[in-house]
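The structure file entry-v7.csv is reproduced below (CSV, N, CA and C atoms).
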```csv
chain,number,residue,atom,x,y,z
A,548,MET,N,118.8,61.2,58.1
A,548,MET,CA,119.9,62.0,58.5
A,548,MET,C,119.4,63.3,59.0
A,549,ALA,N,118.4,63.9,58.4
A,549,ALA,CA,117.9,65.2,58.8
A,549,ALA,C,117.3,65.2,60.2
A,550,ALA,N,116.7,64.1,60.5
A,550,ALA,CA,116.1,63.9,61.8
A,550,ALA,C,117.2,63.8,62.9
A,551,ASN,N,118.3,63.1,62.5
A,551,ASN,CA,119.4,63.0,63.4
A,551,ASN,C,120.1,64.3,63.6
A,552,THR,N,120.2,65.2,62.6
A,552,THR,CA,120.8,66.5,62.7
A,552,THR,C,119.9,67.4,63.6
A,553,ASP,N,118.6,67.3,63.4
A,553,ASP,CA,117.7,68.1,64.2
A,553,ASP,C,117.8,67.7,65.7
A,554,ASP,N,118.0,66.4,65.9
A,554,ASP,CA,118.1,65.9,67.3
A,554,ASP,C,119.4,66.4,67.9
A,555,ILE,N,120.5,66.5,67.2
A,555,ILE,CA,121.7,67.0,67.6
A,555,ILE,C,121.6,68.5,67.9
A,556,ARG,N,121.0,69.2,67.0
A,556,ARG,CA,120.8,70.6,67.2
A,556,ARG,C,120.0,70.9,68.5
A,557,THR,N,118.9,70.1,68.7
A,557,THR,CA,118.1,70.3,69.8
A,557,THR,C,118.8,70.0,71.1
A,558,SER,N,119.6,68.9,71.1
A,558,SER,CA,120.4,68.6,72.2
A,558,SER,C,121.5,69.6,72.6
A,559,VAL,N,122.1,70.1,71.5
A,559,VAL,CA,123.1,71.2,71.7
A,559,VAL,C,122.5,72.5,72.2
A,560,SER,N,121.3,72.8,71.7
A,560,SER,CA,120.6,74.0,72.1
A,560,SER,C,120.2,73.9,73.6
A,561,LYS,N,119.8,72.7,74.0
A,561,LYS,CA,119.4,72.5,75.4
A,561,LYS,C,120.7,72.6,76.3
A,562,ASP,N,121.8,72.0,75.8
A,562,ASP,CA,123.0,72.1,76.6
A,562,ASP,C,123.5,73.6,76.7
A,563,ILE,N,123.4,74.3,75.7
A,563,ILE,CA,123.8,75.7,75.7
A,563,ILE,C,122.9,76.5,76.6
A,564,ALA,N,121.6,76.2,76.6
A,564,ALA,CA,120.7,76.9,77.5
A,564,ALA,C,121.0,76.6,79.0
A,565,ALA,N,121.3,75.3,79.2
A,565,ALA,CA,121.7,74.9,80.6
A,565,ALA,C,123.0,75.6,81.0
A,566,LEU,N,123.9,75.7,80.1
A,566,LEU,CA,125.2,76.3,80.4
A,566,LEU,C,125.0,77.8,80.7
A,567,GLN,N,124.1,78.5,79.9
A,567,GLN,CA,123.8,79.9,80.1
A,567,GLN,C,123.1,80.1,81.5
A,568,GLN,N,122.3,79.2,81.9
A,568,GLN,CA,121.6,79.3,83.2
A,568,GLN,C,122.6,79.1,84.3
A,569,GLU,N,123.6,78.2,84.1
A,569,GLU,CA,124.6,77.9,85.1
A,569,GLU,C,125.5,79.1,85.3
A,570,VAL,N,125.9,79.7,84.1
A,570,VAL,CA,126.8,80.9,84.2
A,570,VAL,C,126.0,82.0,84.8
A,571,SER,N,124.8,82.2,84.6
A,571,SER,CA,124.0,83.3,85.2
A,571,SER,C,123.9,83.0,86.7
A,572,ARG,N,123.7,81.8,87.1
A,572,ARG,CA,123.7,81.5,88.6
A,572,ARG,C,125.0,81.8,89.2
A,573,LEU,N,126.1,81.4,88.6
A,573,LEU,CA,127.4,81.6,89.1
A,573,LEU,C,127.7,83.1,89.2
A,574,GLN,N,127.3,83.9,88.2
A,574,GLN,CA,127.5,85.3,88.2
A,574,GLN,C,126.8,86.0,89.4
A,575,LYS,N,125.5,85.5,89.7
A,575,LYS,CA,124.8,86.0,90.8
A,575,LYS,C,125.4,85.7,92.1
A,576,MET,N,125.9,84.4,92.2
A,576,MET,CA,126.6,84.0,93.4
A,576,MET,C,127.9,84.8,93.7
A,577,ILE,N,128.7,85.0,92.7
A,577,ILE,CA,129.9,85.8,92.8
A,577,ILE,C,129.6,87.2,93.2
A,578,SER,N,128.6,87.8,92.5
A,578,SER,CA,128.2,89.1,92.9
A,578,SER,C,127.8,89.3,94.3
A,579,ALA,N,127.0,88.3,94.8
A,579,ALA,CA,126.6,88.3,96.2
A,579,ALA,C,127.8,88.2,97.1
A,580,GLN,N,128.7,87.4,96.8
A,580,GLN,CA,129.9,87.2,97.7
A,580,GLN,C,130.8,88.5,97.6
A,581,GLY,N,130.9,89.1,96.5
A,581,GLY,CA,131.6,90.3,96.3
A,581,GLY,C,131.0,91.5,97.2
A,582,ALA,N,129.7,91.6,97.1
A,582,ALA,CA,129.0,92.6,97.9
A,582,ALA,C,129.2,92.3,99.4
A,583,GLU,N,129.1,91.0,99.8
A,583,GLU,CA,129.3,90.7,101.2
A,583,GLU,C,130.8,91.0,101.7
A,584,ALA,N,131.7,90.7,100.8
A,584,ALA,CA,133.1,91.1,101.2
A,584,ALA,C,133.3,92.6,101.2
A,585,TYR,N,132.7,93.3,100.3
A,585,TYR,CA,132.8,94.8,100.3
A,585,TYR,C,132.3,95.3,101.6
A,586,TYR,N,131.1,94.9,102.1
A,586,TYR,CA,130.5,95.4,103.3
A,586,TYR,C,131.3,95.0,104.5
A,587,GLU,N,131.9,93.8,104.5
A,587,GLU,CA,132.7,93.4,105.6
A,587,GLU,C,134.0,94.2,105.7
A,588,VAL,N,134.7,94.5,104.6
A,588,VAL,CA,135.9,95.3,104.6
A,588,VAL,C,135.5,96.7,105.0
A,589,ARG,N,134.4,97.2,104.5
A,589,ARG,CA,134.0,98.6,104.8
A,589,ARG,C,133.7,98.7,106.3
A,590,GLY,N,133.1,97.7,106.9
A,590,GLY,CA,132.8,97.7,108.3
A,590,GLY,C,134.1,97.7,109.1
A,591,ARG,N,135.1,96.9,108.7
A,591,ARG,CA,136.4,96.8,109.4
A,591,ARG,C,137.1,98.1,109.3
A,592,ALA,N,137.1,98.7,108.1
A,592,ALA,CA,137.8,100.0,107.9
A,592,ALA,C,137.2,101.1,108.8
A,593,GLY,N,135.9,101.1,108.9
A,593,GLY,CA,135.2,102.1,109.8
A,593,GLY,C,135.5,101.9,111.2
A,594,LYS,N,135.7,100.6,111.6
A,594,LYS,CA,136.0,100.3,113.0
A,594,LYS,C,137.4,100.8,113.3
A,595,VAL,N,138.4,100.5,112.4
A,595,VAL,CA,139.7,100.9,112.6
A,595,VAL,C,139.8,102.5,112.6
A,596,TYR,N,139.1,103.1,111.8
A,596,TYR,CA,139.0,104.6,111.8
A,596,TYR,C,138.5,105.1,113.1
A,597,GLU,N,137.4,104.5,113.6
A,597,GLU,CA,136.9,105.0,114.9
A,597,GLU,C,137.8,104.7,116.0
A,598,ASP,N,138.6,103.6,116.0
A,598,ASP,CA,139.5,103.3,117.0
A,598,ASP,C,140.7,104.3,117.0
A,599,ALA,N,141.2,104.6,115.8
A,599,ALA,CA,142.4,105.5,115.6
A,599,ALA,C,142.1,106.9,115.8
A,600,LEU,N,140.9,107.4,115.6
A,600,LEU,CA,140.6,108.8,115.7
A,600,LEU,C,140.9,109.4,117.1
A,601,PRO,N,140.5,108.8,118.2
A,601,PRO,CA,140.9,109.4,119.5
A,601,PRO,C,142.4,109.5,119.7
A,602,ARG,N,143.1,108.4,119.3
A,602,ARG,CA,144.5,108.4,119.4
A,602,ARG,C,145.2,109.5,118.6
A,603,ALA,N,144.7,109.7,117.4
A,603,ALA,CA,145.2,110.8,116.5
A,603,ALA,C,145.0,112.1,117.1
A,604,LYS,N,143.8,112.3,117.6
A,604,LYS,CA,143.4,113.6,118.2
A,604,LYS,C,144.3,113.9,119.4
A,605,ASN,N,144.6,112.9,120.2
A,605,ASN,CA,145.4,113.0,121.4
A,605,ASN,C,146.9,113.3,121.0
A,606,ALA,N,147.4,112.7,119.9
A,606,ALA,CA,148.7,112.9,119.4
A,606,ALA,C,148.8,114.3,118.9
A,607,VAL,N,147.8,114.8,118.2
A,607,VAL,CA,147.9,116.2,117.7
A,607,VAL,C,147.9,117.2,118.8
A,608,ALA,N,147.1,116.9,119.9
A,608,ALA,CA,147.1,117.8,121.0
A,608,ALA,C,148.4,117.8,121.7
A,609,GLN,N,149.0,116.7,121.9
A,609,GLN,CA,150.4,116.6,122.5
A,609,GLN,C,151.4,117.4,121.7
A,610,ILE,N,151.4,117.2,120.3
A,610,ILE,CA,152.3,117.9,119.5
A,610,ILE,C,152.1,119.4,119.6
A,611,ARG,N,150.9,119.9,119.6
A,611,ARG,CA,150.6,121.3,119.8
A,611,ARG,C,151.2,121.8,121.1
A,612,ALA,N,150.9,121.0,122.2
A,612,ALA,CA,151.4,121.5,123.5
A,612,ALA,C,152.9,121.5,123.5
A,613,GLU,N,153.6,120.5,122.9
A,613,GLU,CA,155.0,120.5,122.9
A,613,GLU,C,155.6,121.7,122.1
A,614,GLY,N,154.9,122.0,121.0
A,614,GLY,CA,155.3,123.1,120.1
A,614,GLY,C,155.2,124.4,120.8
A,615,ALA,N,154.0,124.6,121.6
A,615,ALA,CA,153.8,125.8,122.3
A,615,ALA,C,154.9,125.9,123.4
A,616,ALA,N,155.2,124.8,124.1
A,616,ALA,CA,156.2,124.8,125.2
A,616,ALA,C,157.6,125.2,124.6
A,617,ALA,N,157.9,124.7,123.4
A,617,ALA,CA,159.2,125.0,122.8
A,617,ALA,C,159.2,126.4,122.4
A,618,ALA,N,158.2,126.9,121.8
A,618,ALA,CA,158.1,128.3,121.4
A,618,ALA,C,158.2,129.3,122.6
A,619,GLY,N,157.5,128.9,123.7
A,619,GLY,CA,157.6,129.7,125.0
A,619,GLY,C,159.0,129.7,125.5
A,620,ALA,N,159.7,128.5,125.5
A,620,ALA,CA,161.1,128.5,126.0
A,620,ALA,C,162.0,129.3,125.1
A,621,ALA,N,161.8,129.3,123.8
A,621,ALA,CA,162.6,130.0,122.9
A,621,ALA,C,162.4,131.5,123.1
A,622,ARG,N,161.1,131.9,123.4
A,622,ARG,CA,160.9,133.4,123.7
A,622,ARG,C,161.5,133.8,125.0
A,623,GLU,N,161.5,132.9,126.0
A,623,GLU,CA,162.0,133.3,127.3
A,623,GLU,C,163.6,133.3,127.3
A,624,HIS,N,164.2,132.5,126.5
A,624,HIS,CA,165.6,132.4,126.4
A,624,HIS,C,166.1,132.7,125.0
A,625,ALA,N,165.9,133.9,124.5
A,625,ALA,CA,166.1,134.3,123.2
A,625,ALA,C,167.6,134.2,122.9
A,626,ALA,N,168.5,134.6,123.8
A,626,ALA,CA,169.9,134.6,123.5
A,626,ALA,C,170.4,133.1,123.4
A,627,ALA,N,170.0,132.3,124.3
A,627,ALA,CA,170.4,130.9,124.2
A,627,ALA,C,169.9,130.2,122.9
A,628,THR,N,168.7,130.6,122.5
A,628,THR,CA,168.1,130.0,121.3
A,628,THR,C,168.9,130.4,120.1
A,629,THR,N,169.2,131.7,120.0
A,629,THR,CA,170.0,132.2,118.9
A,629,THR,C,171.3,131.6,118.9
A,630,THR,N,172.0,131.5,120.0
A,630,THR,CA,173.3,130.8,120.0
A,630,THR,C,173.2,129.4,119.6
A,631,ALA,N,172.2,128.7,120.0
A,631,ALA,CA,172.1,127.2,119.7
A,631,ALA,C,171.8,127.1,118.2
A,632,LEU,N,171.0,128.0,117.6
A,632,LEU,CA,170.7,127.9,116.2
A,632,LEU,C,171.9,128.3,115.4
A,633,MET,N,172.6,129.3,115.8
A,633,MET,CA,173.8,129.7,115.1
A,633,MET,C,174.9,128.6,115.1
A,634,LEU,N,175.0,127.9,116.3
A,634,LEU,CA,176.0,126.8,116.4
A,634,LEU,C,175.6,125.7,115.5
A,635,ALA,N,174.3,125.3,115.5
A,635,ALA,CA,173.8,124.2,114.6
A,635,ALA,C,174.1,124.6,113.2
A,636,GLY,N,173.8,125.8,112.8
A,636,GLY,CA,174.0,126.2,111.4
A,636,GLY,C,175.5,126.2,111.0
A,637,ALA,N,176.4,126.6,112.0
A,637,ALA,CA,177.8,126.6,111.7
A,637,ALA,C,178.3,125.2,111.6
A,638,LEU,N,177.8,124.3,112.4
A,638,LEU,CA,178.2,122.9,112.3
A,638,LEU,C,177.7,122.3,111.0
A,639,GLY,N,176.5,122.6,110.6
A,639,GLY,CA,176.0,122.1,109.3
A,639,GLY,C,176.8,122.6,108.2
A,640,PHE,N,177.2,123.9,108.2
A,640,PHE,CA,178.0,124.5,107.1
A,640,PHE,C,179.3,123.8,107.1
A,641,LEU,N,180.0,123.6,108.2
A,641,LEU,CA,181.3,122.9,108.3
A,641,LEU,C,181.2,121.5,107.8
A,642,ALA,N,180.2,120.8,108.2
A,642,ALA,CA,180.0,119.4,107.7
A,642,ALA,C,179.8,119.4,106.2
A,643,GLY,N,179.0,120.2,105.7
A,643,GLY,CA,178.8,120.3,104.3
A,643,GLY,C,180.0,120.7,103.5
A,644,TYR,N,180.8,121.6,104.0
A,644,TYR,CA,182.0,122.0,103.4
A,644,TYR,C,183.0,120.9,103.3
A,645,LEU,N,183.2,120.2,104.5
A,645,LEU,CA,184.1,119.1,104.5
A,645,LEU,C,183.7,117.9,103.6
A,646,LEU,N,182.4,117.6,103.6
A,646,LEU,CA,181.9,116.6,102.7
A,646,LEU,C,182.1,116.9,101.2
A,647,ALA,N,181.8,118.2,100.9
A,647,ALA,CA,181.9,118.6,99.5
A,647,ALA,C,183.4,118.6,99.1
A,648,GLY,N,184.3,119.0,100.0
A,648,GLY,CA,185.7,119.0,99.6
A,648,GLY,C,186.3,117.6,99.5
A,649,SER,N,185.8,116.7,100.2
A,649,SER,CA,186.3,115.3,100.1
A,649,SER,C,185.7,114.5,98.9
A,650,SER,N,184.6,115.0,98.4
A,650,SER,CA,184.1,114.3,97.2
A,650,SER,C,184.5,114.8,95.9
A,651,GLN,N,185.4,115.8,95.9
A,651,GLN,CA,185.9,116.4,94.6
A,651,GLN,C,186.8,115.4,93.9
A,652,PRO,N,186.6,115.1,92.6
A,652,PRO,CA,187.5,114.2,91.9
A,652,PRO,C,188.9,114.9,91.7
A,653,GLN,N,189.8,114.0,91.6
A,653,GLN,CA,191.2,114.5,91.3
A,653,GLN,C,191.2,115.1,89.9
A,654,PRO,N,191.9,116.3,89.7
A,654,PRO,CA,192.0,116.9,88.4
A,654,PRO,C,192.8,116.0,87.4
A,655,ARG,N,192.3,115.9,86.2
A,655,ARG,CA,193.0,115.1,85.2
A,655,ARG,C,193.7,116.1,84.2
A,656,HIS,N,194.9,115.9,84.0
A,656,HIS,CA,195.6,116.8,83.0
A,656,HIS,C,195.6,116.2,81.6
A,657,TRP,N,195.7,117.1,80.7
A,657,TRP,CA,195.6,116.6,79.3
A,657,TRP,C,196.7,115.7,78.9
A,658,TRP,N,197.9,115.8,79.5
A,658,TRP,CA,199.0,115.0,79.1
A,658,TRP,C,199.0,113.6,79.7
A,659,ARG,N,198.1,113.2,80.5
A,659,ARG,CA,198.0,111.9,81.1
A,659,ARG,C,197.2,111.0,80.2
```

Would it be possible to restate this file's structure as structure tokens?
Amino acid sequence: MAANTDDIRTSVSKDIAALQQEVSRLQKMISAQGAEAYYEVRGRAGKVYEDALPRAKNAVAQIRAEGAAAAGAAREHAAATTTALMLAGALGFLAGYLLAGSSQPQPRHWWR
């Protein structure tokens, strides 16, 4: 019986060693695939960044030009700008006043 137990232990030890080797091989394979995926995604992100950079610079330049044009027009026509801003403010105040007045709950009296 002791020889049979030793044979079983030896067999189980061999199986465990084989499983450990297989797990180690799988870990290395997964690690290699993860690194490959990382570099692929990194390369794609870099390409997207390089493609988007000129468009973003162009958009910023256009926004700056439009802002400068609007500021220049406001400086040239100061009275019209002031009138437009005051009108917009008055309309905003009126809209806020009307909305605030319509959302007030009806008063409740203590005898109801």

query = What is the CA of Arg602 (chain A) to CA of Val588 (chain A) distance in Å?
reply =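 Going from CA of Arg602 (chain A) over to CA of Val588 (chain A) covers 21.6 Å.
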
message = As an exercise, work out the distance from CA of Gly619 (chain A) to CA of Pro601 (chain A) in Å and give it to one decimal place.
response =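 Separation of CA of Gly619 (chain A) and CA of Pro601 (chain A): 26.9 Å.
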
Might I get the box with edges along x, y and z of the file that holds all atoms of region 591-610 of chain A listed there, padded by 5 Å on every side, given as centre and edge lengths in Å to one decimal, as AutoDock Vina command-line options?
```
--center_x 143.7 --center_y 108.1 --center_z 115.2 --size_x 27.2 --size_y 32.6 --size_z 24.6
```

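Atom C of Glu569 (chain A) is positioned 19.3 Å from CA of Thr557 (chain A).
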